[in-house]
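**Student:** mmCIF, C-alpha atoms and all ligand atoms, file entry.cif:
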data_work
#
loop_
_atom_site.label_atom_id
_atom_site.label_comp_id
_atom_site.auth_asym_id
_atom_site.auth_seq_id
_atom_site.Cartn_x
_atom_site.Cartn_y
_atom_site.Cartn_z
CA VAL G 1279 67.45 42.24 37.55
CA GLY G 1280 64.53 41.15 39.67
CA GLU G 1281 66.13 42.39 42.88
CA CYS G 1282 63.02 44.26 44.03
CA ALA G 1283 60.81 41.17 43.92
CA VAL G 1284 59.47 39.63 47.11
CA GLU G 1285 60.79 36.07 46.90
CA CYS G 1286 59.10 32.96 48.24
CA PRO G 1287 60.65 32.11 51.60
CA ALA G 1288 59.36 28.53 51.47
CA CYS G 1289 60.96 27.58 48.14
CA PRO G 1290 64.47 26.07 48.22
CA HIS G 1291 67.27 28.67 48.21
CA PRO G 1292 70.73 27.07 48.46
CA GLY G 1293 72.87 28.94 50.99
CA ARG G 1294 69.78 30.30 52.74
CA ASN G 1295 67.32 27.60 53.72
CA LEU G 1296 68.83 24.24 52.66
CA PRO G 1297 71.01 22.01 54.87
CA GLU G 1298 74.64 21.61 53.90
CA GLY G 1299 75.22 18.72 51.53
CA TRP G 1300 71.70 18.94 50.02
CA GLU G 1301 73.20 18.44 46.56
CA ASN G 1302 74.44 14.97 47.56
CA ALA G 1303 71.00 13.71 48.58
CA ASP G 1304 69.93 10.26 47.32
CA LYS G 1305 67.89 10.33 44.15
CA LYS G 1306 64.81 9.24 46.12
CA ASP G 1307 65.18 12.26 48.42
CA ARG G 1308 65.76 14.89 45.74
CA TYR G 1309 62.15 16.02 45.82
CA LYS G 1310 62.90 17.66 49.19
CA TYR G 1311 65.24 20.13 47.52
CA ALA G 1312 63.28 20.55 44.32
CA LEU G 1313 61.72 23.71 42.99
CA PHE G 1314 58.07 23.42 41.88
CA LEU G 1315 56.94 25.94 39.28
CA ALA G 1316 53.80 26.47 37.21
CA MET G 1317 53.45 28.58 34.07
CA ASP G 1318 50.54 29.80 32.01
CA ALA G 1319 49.15 32.64 29.90
CA ASN G 1320 46.32 35.03 30.72
CA PHE G 1321 44.40 36.60 27.86
CA ARG G 1322 42.44 39.05 29.98
CA LEU G 1323 45.48 41.20 30.72
CA LYS G 1324 45.52 43.02 27.40
CA SER G 1325 46.97 46.37 26.45
CA LYS G 1326 45.31 48.70 23.95
CA GLU G 1327 47.46 50.19 21.18
CA ARG G 1328 47.19 53.95 21.68
CA GLY G 1329 50.38 55.05 19.99
CA ILE G 1330 51.92 56.10 23.31
CA ARG G 1331 55.53 55.07 23.97
CA ASP G 1332 56.66 55.41 27.57
CA SER G 1333 59.14 53.33 29.55
CA PRO G 1334 58.34 51.53 32.78
CA LEU G 1335 60.05 53.20 35.75
CA GLY G 1336 61.14 49.89 37.26
CA ASP G 1337 61.81 47.96 34.07
CA GLY G 1338 63.00 44.43 34.93
CA TRP G 1339 63.35 45.28 38.62
CA SER G 1340 60.82 42.79 39.90
CA TYR G 1341 58.36 40.44 38.13
CA PHE G 1342 58.16 41.60 34.54
CA VAL G 1343 61.15 40.86 32.31
CA GLN G 1344 63.05 43.88 31.02
CA SER G 1345 61.08 45.12 28.03
CA ARG G 1346 63.67 46.00 25.38
CA PRO G 1347 65.76 42.77 25.32
CA PHE G 1348 62.50 40.82 25.52
CA LYS G 1349 61.01 42.55 22.48
CA GLU G 1350 64.23 42.00 20.53
CA HIS G 1351 64.15 38.31 21.43
CA VAL G 1352 60.55 37.89 20.33
CA SER G 1353 61.16 39.62 17.01
CA ASN G 1354 63.93 37.09 16.27
CA TYR G 1355 61.69 34.07 16.74
CA VAL G 1356 58.43 35.07 15.08
CA HIS G 1357 58.65 32.15 12.68
CA GLN G 1358 59.75 29.52 15.17
CA PRO G 1359 57.83 26.30 14.36
CA GLU G 1360 55.41 25.06 17.03
CA MET G 1361 54.48 21.40 17.16
CA ASN G 1362 51.16 20.00 18.27
CA MET G 1363 51.23 16.28 18.96
CA CYS G 1364 48.61 16.29 21.68
CA GLU G 1365 45.13 14.81 21.32
CA SER G 1366 43.85 17.64 23.52
CA LYS G 1367 41.09 19.96 22.40
CA HIS G 1368 42.22 22.40 25.03
CA ARG G 1369 41.97 26.14 24.39
CA ALA G 1370 45.72 26.80 24.86
CA VAL G 1371 46.46 24.85 21.71
CA ASP G 1372 44.31 27.25 19.73
CA HIS G 1373 45.49 30.25 21.69
CA ALA G 1374 49.05 29.45 20.67
CA ASN G 1375 48.10 30.31 17.12
CA ILE G 1376 45.91 33.35 17.67
CA ARG G 1377 46.69 36.14 15.25
CA GLY G 1378 47.80 39.52 16.47
CA ASN G 1379 45.25 42.28 16.70
CA ASP G 1380 46.20 45.75 15.42
CA LYS G 1381 44.16 47.44 18.13
CA LEU G 1382 46.15 45.71 20.86
CA ALA G 1383 49.75 46.34 21.93
CA ALA G 1384 49.61 43.14 24.01
CA ASN G 1385 47.13 40.33 23.74
CA GLY G 1386 47.82 38.90 27.20
CA VAL G 1387 50.41 38.19 29.86
CA GLY G 1388 52.39 35.01 30.46
CA GLY G 1389 53.99 34.15 33.75
CA VAL G 1390 55.52 31.70 36.20
CA ASN G 1391 54.91 31.16 39.91
CA CYS G 1392 55.87 28.53 42.45
CA SER G 1393 53.32 25.78 42.48
CA ARG G 1394 53.60 24.72 46.14
CA HIS G 1395 53.08 28.24 47.55
CA ALA G 1396 51.72 30.34 44.65
CA LEU G 1397 54.18 33.24 44.84
CA ASN G 1398 55.10 35.04 41.65
CA ARG G 1399 58.60 34.47 40.35
CA LYS G 1400 61.00 37.35 39.83
CA ILE G 1401 61.52 38.21 36.14
CA GLY G 1402 59.04 35.49 35.24
CA PHE G 1403 56.30 37.60 33.58
CA GLY G 1404 55.84 39.44 30.33
CA ASP G 1405 53.55 40.34 27.46
CA LEU G 1406 52.19 38.11 24.75
CA GLN G 1407 52.07 39.97 21.46
CA ARG G 1408 49.66 37.49 19.93
CA GLY G 1409 49.00 33.96 21.17
CA GLU G 1410 50.84 31.81 23.67
CA LYS G 1411 53.99 31.65 21.49
CA TYR G 1412 56.74 29.34 22.68
CA CYS G 1413 59.40 32.07 22.28
CA ASN G 1414 57.51 34.26 24.77
CA MET G 1415 56.78 31.55 27.31
CA ASP G 1416 60.35 30.18 26.98
CA TYR G 1417 61.68 33.65 27.73
CA PHE G 1418 59.72 34.02 30.98
CA VAL G 1419 60.53 30.61 32.40
CA LEU G 1420 64.19 30.63 31.31
CA SER G 1421 64.71 34.17 32.68
CA THR G 1422 63.41 33.23 36.09
CA LEU G 1423 65.44 29.99 36.07
CA HIS G 1424 68.69 31.61 34.93
CA ASP G 1425 70.32 31.89 38.36
CA VAL G 1426 68.51 28.97 40.04
CA LYS G 1427 70.98 26.63 41.74
CA VAL G 1428 68.74 23.75 42.79
CA THR G 1429 69.10 20.71 40.55
CA THR G 1430 65.53 19.36 40.37
CA LEU G 1431 62.57 21.22 38.90
CA TYR G 1432 58.95 20.07 38.68
CA LEU G 1433 57.34 22.27 36.05
CA SER G 1434 53.67 22.26 35.18
CA TYR G 1435 52.15 23.89 32.13
CA ASP G 1436 48.80 23.18 30.50
CA ILE G 1437 50.42 22.49 27.12
CA ALA G 1438 53.61 20.90 28.54
CA CYS G 1439 53.07 17.83 26.38
CA GLN G 1440 53.82 19.92 23.26
CA TRP G 1441 55.90 22.77 24.60
CA PHE G 1442 58.51 20.56 26.28
CA VAL G 1443 59.20 18.28 23.29
CA ASN G 1444 61.65 20.58 21.51
CA LEU G 1445 62.54 22.87 24.40
CA SER G 1446 66.17 21.72 24.63
CA SER G 1447 66.81 22.35 20.94
CA ARG G 1448 65.16 25.81 21.19
CA ILE G 1449 67.37 26.64 24.21
CA GLU G 1450 70.48 25.90 22.14
CA GLU G 1451 69.65 28.88 19.93
CA TYR G 1452 68.90 31.26 22.79
CA PRO G 1453 71.35 33.86 24.20
CA LEU G 1454 73.42 33.39 27.35
CA ARG G 1455 70.96 35.17 29.64
CA LEU G 1456 68.37 32.47 28.89
CA GLN G 1457 70.68 29.53 29.66
CA VAL G 1458 70.02 27.51 32.81
CA ASN G 1459 72.14 25.35 35.11
CA PRO G 1460 73.17 22.39 32.89
CA ASN G 1461 72.69 20.00 35.85
CA LEU G 1462 69.04 20.96 36.26
CA VAL G 1463 66.75 17.94 35.92
CA VAL G 1464 63.36 19.12 34.64
CA ILE G 1465 60.28 16.99 35.25
CA VAL G 1466 57.28 18.32 33.35
CA ALA G 1467 53.61 17.75 34.07
CA VAL G 1468 50.22 18.97 32.94
CA PRO G 1469 48.29 20.53 35.85
CA LYS G 1470 45.53 18.32 37.21
CA LEU G 1471 42.44 20.23 36.09
CA HIS G 1472 43.76 20.73 32.57
CA LEU G 1473 44.98 17.15 32.22
CA VAL G 1474 41.39 15.92 32.04
CA GLY G 1475 41.08 17.51 28.59
CA HIS G 1476 44.18 15.76 27.22
CA GLY G 1477 44.03 12.27 25.71
CA PRO G 1478 45.02 9.05 27.55
CA LYS G 1479 48.60 9.23 26.25
CA CYS G 1480 49.21 12.54 28.05
CA GLN G 1481 47.26 11.42 31.09
CA MET G 1482 49.69 8.54 31.61
CA LYS G 1483 52.83 10.53 30.99
CA TYR G 1484 52.13 13.94 32.50
CA SER G 1485 49.96 13.23 35.54
CA LEU G 1486 51.34 14.55 38.83
CA ASN G 1487 49.55 11.61 40.45
CA TYR G 1488 52.11 9.27 38.89
CA ILE G 1489 55.27 11.39 39.14
CA PRO G 1490 57.36 10.34 42.17
CA GLY G 1491 58.09 13.18 44.59
CA SER G 1492 55.32 15.49 43.40
CA ALA G 1493 53.23 14.90 46.55
CA ARG G 1494 49.71 16.30 46.07
CA THR G 1495 50.78 19.28 43.98
CA CYS G 1496 47.96 20.22 41.60
CA GLY G 1497 50.17 22.40 39.39
CA GLU G 1498 47.39 24.95 38.84
CA SER G 1499 48.82 27.66 41.15
CA ILE G 1500 49.31 30.18 38.34
CA GLU G 1501 45.52 30.20 37.82
CA GLN G 1502 45.13 31.41 41.40
CA ILE G 1503 47.22 34.51 40.83
CA TRP G 1504 45.33 35.31 37.63
CA SER G 1505 42.18 35.56 39.71
CA GLY G 1506 43.84 38.39 41.65
CA GLN G 1507 45.34 40.07 38.59
CA ASN G 1508 42.11 39.98 36.60
CA ALA G 1509 40.67 42.61 38.92
CA VAL G 1510 42.99 45.16 37.29
CA SER G 1511 42.55 43.92 33.73
CA MET G 1512 40.01 46.61 32.78
CA SER G 1513 42.04 49.54 34.14
CA THR G 1514 45.47 48.36 32.98
CA ARG G 1515 44.39 47.73 29.39
CA GLU G 1516 43.67 51.48 29.07
CA MET G 1517 47.08 52.52 30.42
CA SER G 1518 50.21 53.44 28.47
CA PRO G 1519 52.56 50.43 28.11
CA GLY G 1520 55.12 51.56 30.69
CA CYS G 1521 52.54 52.59 33.26
CA ARG G 1522 50.68 49.31 32.74
CA GLN G 1523 53.82 47.25 33.32
CA ASP G 1524 54.65 49.16 36.53
CA THR G 1525 51.07 48.70 37.76
CA LEU G 1526 50.99 44.98 37.03
CA ASP G 1527 54.43 44.60 38.69
CA ASP G 1528 53.04 46.38 41.73
CA HIS G 1529 50.04 44.04 41.97
CA LEU G 1530 52.18 40.93 41.47
CA GLY G 1531 54.36 42.16 44.34
CA ALA G 1532 51.38 42.90 46.58
CA TRP G 1533 50.17 39.33 46.05
CA ASN G 1534 53.57 38.01 47.16
CA PHE G 1535 53.76 40.32 50.15
CA ARG G 1536 50.34 39.24 51.40
CA LYS G 1537 51.31 35.60 50.89
CA VAL G 1538 54.53 36.01 52.89
CA VAL G 1539 52.69 37.76 55.72
CA GLY G 1540 50.05 35.02 55.74
CA LEU G 1541 52.31 31.95 55.39
CA GLY G 1542 51.97 29.66 58.39
CA GLN G 1543 48.88 31.36 59.77
ZN ZN A 1601 57.43 28.90 46.84
ZN ZN A 1602 48.55 16.64 25.88
#
As structure tokens, what does this structure read like?

**Tutor:**
Amino acid sequence: VGECAVECPACPHPGRNLPEGWENADKKDRYKYALFLAMDANFRLKSKERGIRDSPLGDGWSYFVQSRPFKEHVSNYVHQPEMNMCESKHRAVDHANIRGNDKLAANGVGGVNCSRHALNRKIGFGDLQRGEKYCNMDYFVLSTLHDVKVTTLYLSYDIACQWFVNLSSRIEEYPLRLQVNPNLVVIVAVPKLHLVGHGPKCQMKYSLNYIPGSARTCGESIEQIWSGQNAVSMSTREMSPGCRQDTLDDHLGAWNFRKVVGLGQ
């Protein structure tokens, strides 16, 4: 799965662009071989319910997760509890609890990209049936991390302060294809623009300004790709589900291709 995706050439890929012995680097140097990812949901990329059932032609081949196993997963975790310990008044907290709408087959799209270079991650995108449910967002990020071999991950998410708290216990219940390298050290942060809306407790704990090795990463890269995707939000919401997924996949790939061609210019 995901083999047709254009991958980020600047992110660490063991065996391809890392020096031998990278895994033995001192703890203070681990940031050099770390993967930086950002995740978020977009509620403009909706899909109208028109009663049409078609399959995507390239299901799970590139950026969107394979639809059938994903839908099965989501139906198993509808009643998963979601904690909110944050003092934030941020919209995502409310979005997480949005009710489904009968007129919509999908209420939005969630996804993951690399936060140093803003390229979309293979099998890191999918639909949100209602709000920004943890079981959906978990599925996207864990799918794209499944075969990652680096051992340090900096992950930013605008509700990381709540989402991350029980992530490890949620993972225990998930199937094998959502398990990640057990040696992976995950450092979570709230992206810089969103962090302003969180209370002082989160600002101390989840600021990239205070996390060693995070350089000047802002963690908002996923917002940049939404700006490109939003251009097709009006046309794709009218499409049949399979056609819509293929079209969104195509645009996510075009973004990556243009990034690769433009890197270093
Ligand atoms: Zn990258
Ligand atoms: Zn918070």

**Student:** Work out how far CA of Gly1338 (chain G) is from CA of Ser1325 (chain G), in Å to one decimal.

**Tutor:**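 Between CA of Ser1325 (chain G) and CA of Gly1338 (chain G) the gap is 18.2 Å.
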
**Student:** Which value, in Å to one decimal, gives the distance between CA of Ser1513 (chain G) and CA of His1529 (chain G)?

**Tutor:** 12.5 Å

**Student:** Write out as a Markdown table a residue-level contact list of chain G versus ligand ZN 1601 (chain A) with cut-off 7 Å: for each qualifying residue the closest pair of atoms and the distance in Å to one decimal, counting all atoms listed in the file, rows sorted by chain and residue number upward.

**Tutor:**
| residue | atom | partner | partner_atom | distance |
| --- | --- | --- | --- | --- |
| G:Cys1286 | CA | A:ZN1601 | ZN | 4.6 |
| G:Pro1287 | CA | A:ZN1601 | ZN | 6.6 |
| G:Ala1288 | CA | A:ZN1601 | ZN | 5.0 |
| G:Cys1289 | CA | A:ZN1601 | ZN | 4.0 |
| G:Cys1392 | CA | A:ZN1601 | ZN | 4.7 |
| G:Ser1393 | CA | A:ZN1601 | ZN | 6.8 |
| G:Arg1394 | CA | A:ZN1601 | ZN | 5.7 |
| G:His1395 | CA | A:ZN1601 | ZN | 4.5 |
| G:Ala1396 | CA | A:ZN1601 | ZN | 6.3 |
| G:Leu1397 | CA | A:ZN1601 | ZN | 5.8 |

**Student:** Would you list the residues near (65.6, 21.7, 36.7) (no more than 12 Å away, in the coordinates of the file, using only C-alpha atoms) as JSON, numbers by chain?

**Tutor:** {"G": [1308, 1309, 1311, 1312, 1313, 1314, 1315, 1419, 1420, 1422, 1423, 1424, 1425, 1426, 1427, 1428, 1429, 1430, 1431, 1432, 1433, 1457, 1458, 1459, 1460, 1461, 1462, 1463, 1464, 1465, 1466]}

**Student:** Using only C-alpha atoms and all ligand atoms, pick whichever of G:Pro1334, G:Pro1490, G:Pro1359, G:Gly1475 has the shortest atom-to-atom distance to ligand ZN 1602 (chain A).

**Tutor:**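 Smallest distance to ligand ZN 1602 (chain A) is found for G:Gly1475.
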
**Student:** What are the nearest atom pairs, with distances in Å to one decimal, for all residues of chain G that come at most 9 Å from ligand ZN 1602 (chain A), using all atoms listed in the file, set out by chain and rising residue number as a Markdown table?

**Tutor:**
| residue | atom | partner | partner_atom | distance |
| --- | --- | --- | --- | --- |
| G:Asn1362 | CA | A:ZN1602 | ZN | 8.7 |
| G:Met1363 | CA | A:ZN1602 | ZN | 7.4 |
| G:Cys1364 | CA | A:ZN1602 | ZN | 4.2 |
| G:Glu1365 | CA | A:ZN1602 | ZN | 6.0 |
| G:Ser1366 | CA | A:ZN1602 | ZN | 5.4 |
| G:Lys1367 | CA | A:ZN1602 | ZN | 8.9 |
| G:His1368 | CA | A:ZN1602 | ZN | 8.6 |
| G:Asp1436 | CA | A:ZN1602 | ZN | 8.0 |
| G:Ile1437 | CA | A:ZN1602 | ZN | 6.3 |
| G:Ala1438 | CA | A:ZN1602 | ZN | 7.1 |
| G:Cys1439 | CA | A:ZN1602 | ZN | 4.7 |
| G:Gln1440 | CA | A:ZN1602 | ZN | 6.7 |
| G:Val1468 | CA | A:ZN1602 | ZN | 7.6 |
| G:Leu1473 | CA | A:ZN1602 | ZN | 7.3 |
| G:Gly1475 | CA | A:ZN1602 | ZN | 8.0 |
| G:His1476 | CA | A:ZN1602 | ZN | 4.7 |
| G:Gly1477 | CA | A:ZN1602 | ZN | 6.3 |
| G:Pro1478 | CA | A:ZN1602 | ZN | 8.5 |
| G:Lys1479 | CA | A:ZN1602 | ZN | 7.4 |
| G:Cys1480 | CA | A:ZN1602 | ZN | 4.7 |
| G:Gln1481 | CA | A:ZN1602 | ZN | 7.5 |
| G:Tyr1484 | CA | A:ZN1602 | ZN | 8.0 |

**Student:** Kindly save the residues from that selection, with C-alpha atoms included, as an mmCIF file, keeping the file's coordinate frame.

**Tutor:**
data_model
loop_
_atom_site.group_PDB
_atom_site.id
_atom_site.type_symbol
_atom_site.label_atom_id
_atom_site.label_comp_id
_atom_site.auth_asym_id
_atom_site.auth_seq_id
_atom_site.Cartn_x
_atom_site.Cartn_y
_atom_site.Cartn_z
ATOM 1 C CA ASN G 1362 51.160 20.000 18.270
ATOM 2 C CA MET G 1363 51.230 16.280 18.960
ATOM 3 C CA CYS G 1364 48.610 16.290 21.680
ATOM 4 C CA GLU G 1365 45.130 14.810 21.320
ATOM 5 C CA SER G 1366 43.850 17.640 23.520
ATOM 6 C CA LYS G 1367 41.090 19.960 22.400
ATOM 7 C CA HIS G 1368 42.220 22.400 25.030
ATOM 8 C CA ASP G 1436 48.800 23.180 30.500
ATOM 9 C CA ILE G 1437 50.420 22.490 27.120
ATOM 10 C CA ALA G 1438 53.610 20.900 28.540
ATOM 11 C CA CYS G 1439 53.070 17.830 26.380
ATOM 12 C CA GLN G 1440 53.820 19.920 23.260
ATOM 13 C CA VAL G 1468 50.220 18.970 32.940
ATOM 14 C CA LEU G 1473 44.980 17.150 32.220
ATOM 15 C CA GLY G 1475 41.080 17.510 28.590
ATOM 16 C CA HIS G 1476 44.180 15.760 27.220
ATOM 17 C CA GLY G 1477 44.030 12.270 25.710
ATOM 18 C CA PRO G 1478 45.020 9.050 27.550
ATOM 19 C CA LYS G 1479 48.600 9.230 26.250
ATOM 20 C CA CYS G 1480 49.210 12.540 28.050
ATOM 21 C CA GLN G 1481 47.260 11.420 31.090
ATOM 22 C CA TYR G 1484 52.130 13.940 32.500
#

**Student:** Calculated over all atoms listed in the file, which of the candidates G:Gly1497, G:Pro1297, G:Gly1329, G:Gly1542 has the smallest distance to Leu1471 (chain G)?

**Tutor:**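 Smallest distance to Leu1471 (chain G) is found for G:Gly1497.
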
**Student:** With only C-alpha atoms as the counted atoms, please give the residues lying no more than 7 Å from Ala1383 (chain G), apart from itself and same-chain residues fewer than 3 positions off, as an MDAnalysis selection string.

**Tutor:** chainID G and resid 1325:1327 1407

**Student:** From the set G:Arg1331, G:Lys1324, G:Arg1494, G:Arg1455, which residue has the shortest atom-to-atom contact distance to Pro1347 (chain G), counting only C-alpha atoms?

**Tutor:**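 Distance minimum relative to Pro1347 (chain G) lands on G:Arg1455.
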
**Student:** So that I can see what lies close to Trp1533 (chain G), please list as a ChimeraX atom specification the residues with an atom at most 9 Å from it, counting all atoms listed in the file and leaving out residues fewer than 3 positions away in the same chain.

**Tutor:** /G:1397-1398,1503,1506-1507,1528-1530,1536-1538
